[in-house]
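A quick write-up on the structure given underneath.
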Amino acid sequence: MTIPMHCLERTVARVASVRRSKPWARRGLAWIHLAALLALLASAAEAEQPNFVVIFADDLGYGDLGAYGSTTIRTPNLDRMAAEGMRFTDFYAAAPFCSPSRASLLTGRYPVRAGVPYVLFPTELTGLPPAEITIAEILSDEGYATAAIGKWHLGWPKPFRAQRHGFDFFYGLPYSNDMLKWEPDTVLRPQHAFWKLPLLDNDEIVEAPVNQHTLTRRYTERAVRFIKENRNRPFFLYFPHTFPHNPQYASEDFEGRSPHGLYADTVEEMDWSVGEVLRALQGLGLDERTLVVFTSDNGPTRGGNRWGPRSSGGSAGGLRGNKGTTFEGGMREPGIFRWPAKIAPDTETSEPASILDLLPTLAELAGAVVPDDRVMDGRSIADLLLGKAETLPQEAFFYYFGAQLQAIRLGHWKLFLRLTEPPEQSASLWYLQNPELFERHHRMREEPELYDLDADRGETRNLASELPDIVERLDGIARRFDERMQRDKRRPVYLDGQ
Ligand code: MG
């Protein structure tokens, strides 16, 4: 709601003039007009649309922040963010790797439903289908300025880029920073793919190959500039970092600074970046009307891959498994929400929530409508954030690996399903071209596994044989859900020729 300034000026002038010449009764009436207008103004400010900043780490472990128990990596800014806001102990990515996780964050839908169940490779002329509706599109319609700064990885061909999904502009990498160079003798189409990993400013190549040492710093400068340029209107900044994904690089100020290695250096530089974003918001007086969210797309790698010293892995903080698994270590992530005017400081919740919930939550806070022509897997957690509710309605969370449903969580129970058939291979072009990868990634499970995540968050004690009733109940919920999911799934969209 907005009140034209001329309206206020006219009322003030009336009060002034009545004070000079009119009797008390009429003067009182004018004052009432002014008071009513001021009250309206106050409620307009109250209803002002908040800004949103979503900072998304890449391959960060559950235990890699001070606020989540790390004693080796220094993250004072993220720790402060947690101390000033709400910290989730059970916050999930909706996939154990990059592209599908991003698709879920932006659409509020499980990756299978959103048409990006697998990691996208530069060989593929596909991406987030144009028919999907993103947070950026919803907020754009409400008058928000929108920016995607960092790693996109939802399709590099033009029809799939961020600017075609509701973002006013994009600055960053089209895909992962280990997808450095693609030779013409592979399955790719060299006439289409970038041969050297480029830094893009919208569709323009700024630098190729990109100097990865300065990526975090350059992303941060661009993000702060975007905030400054849009300080007088609502904005949505989607800030998916490139690191600590392998290979790791940091700027001169950070590389070699931590006694705990390059992985720690990159996380500490990302923490610095978070501090710069918070400082910009505070400096511009936007702190009180900006929700800042921090989480990661999936768990840490084990390190030690082909990048040598530039590929150390993070800590899953005692959780089982790593990136690429549906154990907790692959999908449970730090989840920090900070909004000084609205979220009580130093709050912790063990309510399970996930990146699927961001779209409905941000839409509600912005006064926007969630699309009702499609299944929305996430739900708004606004009441929990704002202290209007202490719990969320209990809903099951589903752990998909690609197109395969592997596990379900309901309350504190987690069941790994008995799996005797592989998922449909054709859901990923990459798998069709690399069948051995498909075999490796999709293991069968002869017997179900049931874990009590409250008592055993490391998933070490299989209770399936002791609690067959719980196994049966969760198995039924999961299989019914997946039947609907497989019917409802969106086929990946390919450009001509694939
Ligand atoms: Mg990742």
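Chains: A, B, ... in order of the structure tokens. Residues: from 1 per chain. Ligands: from 1, in order shown.
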Q.
Which residues are near ligand 1 - at most 9 Å, using only C-alpha atoms and all ligand atoms? Format: as a list in words.
A. Ala57, Asp58, Asp59, Leu60, Pro96, Phe97, Cys98, Ser99, Ser101, Arg102, Ser176, Thr242, Phe243, Pro244, His245, Ser296, Asp297, Asn298, Gly299, Pro300, Thr301 and Lys323 of chain A
Within 8 Å of stretch 280-292 of chain A, which residues of stretch 308-417 of chain A come that close, and what is the closest atom pair and distance in Å for each? Count only C-alpha atoms and give it as CSV.
residue,atom,partner,partner_atom,distance
A:Phe337,CA,A:Val292,CA,5.9
A:Arg338,CA,A:Val292,CA,5.2
A:Trp339,CA,A:Leu291,CA,4.6
A:Pro340,CA,A:Glu288,CA,5.4
A:Ala341,CA,A:Glu288,CA,4.8
A:Lys342,CA,A:Glu288,CA,7.9
Please produce a file of those selected residues containing N, CA and C atoms, as a PDB file, in the first residue's frame.
ATOM      1  N   PHE A 337      18.491 -18.714   9.111  1.00  0.00           N
ATOM      2  CA  PHE A 337      17.568 -17.671   8.650  1.00  0.00           C
ATOM      3  C   PHE A 337      17.726 -16.467   9.563  1.00  0.00           C
ATOM      4  N   ARG A 338      18.052 -15.313   9.001  1.00  0.00           N
ATOM      5  CA  ARG A 338      18.255 -14.108   9.821  1.00  0.00           C
ATOM      6  C   ARG A 338      17.412 -12.948   9.291  1.00  0.00           C
ATOM      7  N   TRP A 339      16.618 -12.359  10.169  1.00  0.00           N
ATOM      8  CA  TRP A 339      15.789 -11.201   9.820  1.00  0.00           C
ATOM      9  C   TRP A 339      15.512 -10.468  11.127  1.00  0.00           C
ATOM     10  N   PRO A 340      16.381  -9.509  11.456  1.00  0.00           N
ATOM     11  CA  PRO A 340      16.352  -8.914  12.792  1.00  0.00           C
ATOM     12  C   PRO A 340      14.985  -8.392  13.225  1.00  0.00           C
ATOM     13  N   ALA A 341      14.210  -7.842  12.312  1.00  0.00           N
ATOM     14  CA  ALA A 341      12.921  -7.276  12.716  1.00  0.00           C
ATOM     15  C   ALA A 341      11.876  -8.345  12.996  1.00  0.00           C
ATOM     16  N   LYS A 342      12.067  -9.530  12.480  1.00  0.00           N
ATOM     17  CA  LYS A 342      10.981 -10.518  12.510  1.00  0.00           C
ATOM     18  C   LYS A 342      11.337 -11.850  13.180  1.00  0.00           C
TER      19      LYS A 342
END
Q.
Using only C-alpha atoms, can you tell me which of A:Arg457, A:Arg409, A:Leu128, A:Asp346 comes closest to A:Arg113?
A.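 Using only C-alpha atoms, the shortest distance to A:Arg113 belongs to A:Leu128.
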Q. Could you pull out all residues of stretch 28-273 of chain A with a DSSP call of helix (DSSP H, G or I) and give them as a ChimeraX atom specification?
A. /A:28-46,66-68,76-83,98-107,111-114,135-141,158-160,162-165,212-229,262-273
Restrict the selected residues to C-alpha atoms and save them as an mmCIF file, in the first residue's frame.
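So the final result, stored in part_9.cif, reads:
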data_model
loop_
_atom_site.group_PDB
_atom_site.id
_atom_site.type_symbol
_atom_site.label_atom_id
_atom_site.label_comp_id
_atom_site.auth_asym_id
_atom_site.auth_seq_id
_atom_site.Cartn_x
_atom_site.Cartn_y
_atom_site.Cartn_z
ATOM 1 C CA GLY A 28 -9.512 18.784 16.588
ATOM 2 C CA LEU A 29 -11.068 17.213 13.516
ATOM 3 C CA ALA A 30 -8.030 18.154 11.421
ATOM 4 C CA TRP A 31 -5.715 16.585 13.976
ATOM 5 C CA ILE A 32 -7.728 13.371 13.793
ATOM 6 C CA HIS A 33 -7.229 13.375 10.016
ATOM 7 C CA LEU A 34 -3.489 13.717 10.466
ATOM 8 C CA ALA A 35 -3.305 10.969 13.094
ATOM 9 C CA ALA A 36 -5.285 8.607 10.866
ATOM 10 C CA LEU A 37 -2.976 9.301 7.966
ATOM 11 C CA LEU A 38 0.128 8.704 10.070
ATOM 12 C CA ALA A 39 -1.323 5.397 11.256
ATOM 13 C CA LEU A 40 -1.962 4.424 7.664
ATOM 14 C CA LEU A 41 1.606 5.325 6.787
ATOM 15 C CA ALA A 42 2.901 3.185 9.632
ATOM 16 C CA SER A 43 0.883 0.188 8.490
ATOM 17 C CA ALA A 44 2.098 0.746 4.926
ATOM 18 C CA ALA A 45 5.685 0.571 6.181
ATOM 19 C CA GLU A 46 4.751 -2.554 8.132
ATOM 20 C CA GLY A 66 31.338 -22.908 13.877
ATOM 21 C CA ALA A 67 27.595 -22.662 14.486
ATOM 22 C CA TYR A 68 27.333 -26.359 13.568
ATOM 23 C CA PRO A 76 32.467 -15.690 12.596
ATOM 24 C CA ASN A 77 29.992 -14.060 10.216
ATOM 25 C CA LEU A 78 27.856 -17.157 9.714
ATOM 26 C CA ASP A 79 28.035 -17.855 13.445
ATOM 27 C CA ARG A 80 26.809 -14.321 14.092
ATOM 28 C CA MET A 81 24.064 -14.793 11.515
ATOM 29 C CA ALA A 82 22.925 -17.883 13.437
ATOM 30 C CA ALA A 83 23.162 -16.057 16.794
ATOM 31 C CA CYS A 98 24.250 -29.885 -7.577
ATOM 32 C CA SER A 99 21.768 -29.409 -10.435
ATOM 33 C CA PRO A 100 18.714 -31.157 -8.984
ATOM 34 C CA SER A 101 19.212 -29.397 -5.675
ATOM 35 C CA ARG A 102 19.204 -26.015 -7.424
ATOM 36 C CA ALA A 103 16.091 -26.930 -9.403
ATOM 37 C CA SER A 104 14.296 -27.729 -6.143
ATOM 38 C CA LEU A 105 15.359 -24.540 -4.394
ATOM 39 C CA LEU A 106 14.101 -22.348 -7.210
ATOM 40 C CA THR A 107 10.846 -24.203 -7.941
ATOM 41 C CA PRO A 111 13.887 -32.596 -8.879
ATOM 42 C CA VAL A 112 12.013 -35.379 -10.694
ATOM 43 C CA ARG A 113 8.955 -33.167 -10.838
ATOM 44 C CA ALA A 114 10.967 -30.127 -11.926
ATOM 45 C CA ILE A 135 11.026 -17.859 -7.068
ATOM 46 C CA ALA A 136 12.519 -15.149 -9.289
ATOM 47 C CA GLU A 137 9.528 -15.217 -11.643
ATOM 48 C CA ILE A 138 7.053 -15.036 -8.762
ATOM 49 C CA LEU A 139 8.883 -12.137 -7.123
ATOM 50 C CA SER A 140 9.445 -10.313 -10.429
ATOM 51 C CA ASP A 141 5.682 -10.213 -10.863
ATOM 52 C CA LYS A 158 20.424 -19.871 -23.740
ATOM 53 C CA PRO A 159 16.803 -21.020 -23.248
ATOM 54 C CA PHE A 160 17.751 -22.425 -19.835
ATOM 55 C CA ALA A 162 18.968 -17.569 -15.367
ATOM 56 C CA GLN A 163 17.745 -14.555 -17.359
ATOM 57 C CA ARG A 164 15.103 -16.822 -18.932
ATOM 58 C CA HIS A 165 13.949 -17.948 -15.511
ATOM 59 C CA GLN A 212 39.009 -19.072 -9.980
ATOM 60 C CA HIS A 213 41.113 -17.496 -7.252
ATOM 61 C CA THR A 214 39.144 -14.272 -7.433
ATOM 62 C CA LEU A 215 35.674 -15.723 -8.030
ATOM 63 C CA THR A 216 34.317 -15.396 -4.499
ATOM 64 C CA ARG A 217 35.600 -11.827 -4.253
ATOM 65 C CA ARG A 218 34.124 -10.826 -7.619
ATOM 66 C CA TYR A 219 30.769 -12.452 -6.854
ATOM 67 C CA THR A 220 30.686 -10.553 -3.584
ATOM 68 C CA GLU A 221 31.473 -7.188 -5.157
ATOM 69 C CA ARG A 222 28.717 -7.747 -7.718
ATOM 70 C CA ALA A 223 26.258 -8.794 -5.004
ATOM 71 C CA VAL A 224 26.980 -5.712 -2.881
ATOM 72 C CA ARG A 225 26.600 -3.521 -5.961
ATOM 73 C CA PHE A 226 23.227 -5.091 -6.730
ATOM 74 C CA ILE A 227 22.047 -4.440 -3.155
ATOM 75 C CA LYS A 228 23.163 -0.810 -3.324
ATOM 76 C CA GLU A 229 21.544 -0.231 -6.705
ATOM 77 C CA LEU A 262 42.532 -25.081 1.339
ATOM 78 C CA TYR A 263 39.007 -26.346 2.023
ATOM 79 C CA ALA A 264 38.977 -24.259 5.207
ATOM 80 C CA ASP A 265 40.412 -21.280 3.280
ATOM 81 C CA THR A 266 37.555 -21.336 0.780
ATOM 82 C CA VAL A 267 34.888 -21.667 3.472
ATOM 83 C CA GLU A 268 36.490 -18.820 5.427
ATOM 84 C CA GLU A 269 36.436 -16.634 2.320
ATOM 85 C CA MET A 270 32.777 -17.493 1.807
ATOM 86 C CA ASP A 271 32.183 -16.493 5.422
ATOM 87 C CA TRP A 272 33.911 -13.176 4.701
ATOM 88 C CA SER A 273 31.551 -12.770 1.751
#
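Across the structure, atom CA of A:Pro234 and atom CA of A:Phe294 are spaced 19.1 Å apart.
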Q) atom CA of A:Arg379 to atom CA of A:Glu48: how many Å, to one decimal? A)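 Going from atom CA of A:Arg379 over to atom CA of A:Glu48, I get 22.4 Å.
Each of A:Glu351, A:Ala145, A:Phe401, A:Leu415 was compared to A:Leu384 using only C-alpha atoms, and A:Glu351 turns out to be the nearest.
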Q: Among the residues of stretch 392-423 of chain A, find those DSSP assigns to strand (DSSP E) from the backbone and print them as a PyMOL selection string.
A: chain A and resi 397-401+404-410+413-416
Q: Might you pull out every residue within 9 Å of A:Asp475, with only C-alpha atoms counted and same-chain residues fewer than 3 positions away left off, and present them as a list in words?
A: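 Once the adjacent positions are removed, what remains is Ala407, Ile408, Leu415, Phe416, Leu417, Arg418, Pro448, Ile470, Val471, Glu472, Ala478, Arg479 and Arg480 of chain A.
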Q) Using only C-alpha atoms, which of A:Val375, A:Leu173, A:Thr146, A:Ile133 sits nearest A:Val206? A)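 Smallest separation from A:Val206 among the options: A:Leu173.
In this structure, atom CA of A:Ile149 sits 27.8 Å away from atom CA of A:Pro345.
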Q: Tell me which of A:Gly261, A:Asp456, A:Gly166, A:Phe397 sits closest to A:Thr72, counting only C-alpha atoms.
A: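 Using only C-alpha atoms, A:Thr72 sits closest to A:Gly261.
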Q | Close residues, A:Gln394 itself excluded, 9 Å, only C-alpha atoms, min 3 positions apart in chain, as a PyMOL selection string | A | chain A and resi 351-352+391+410-411
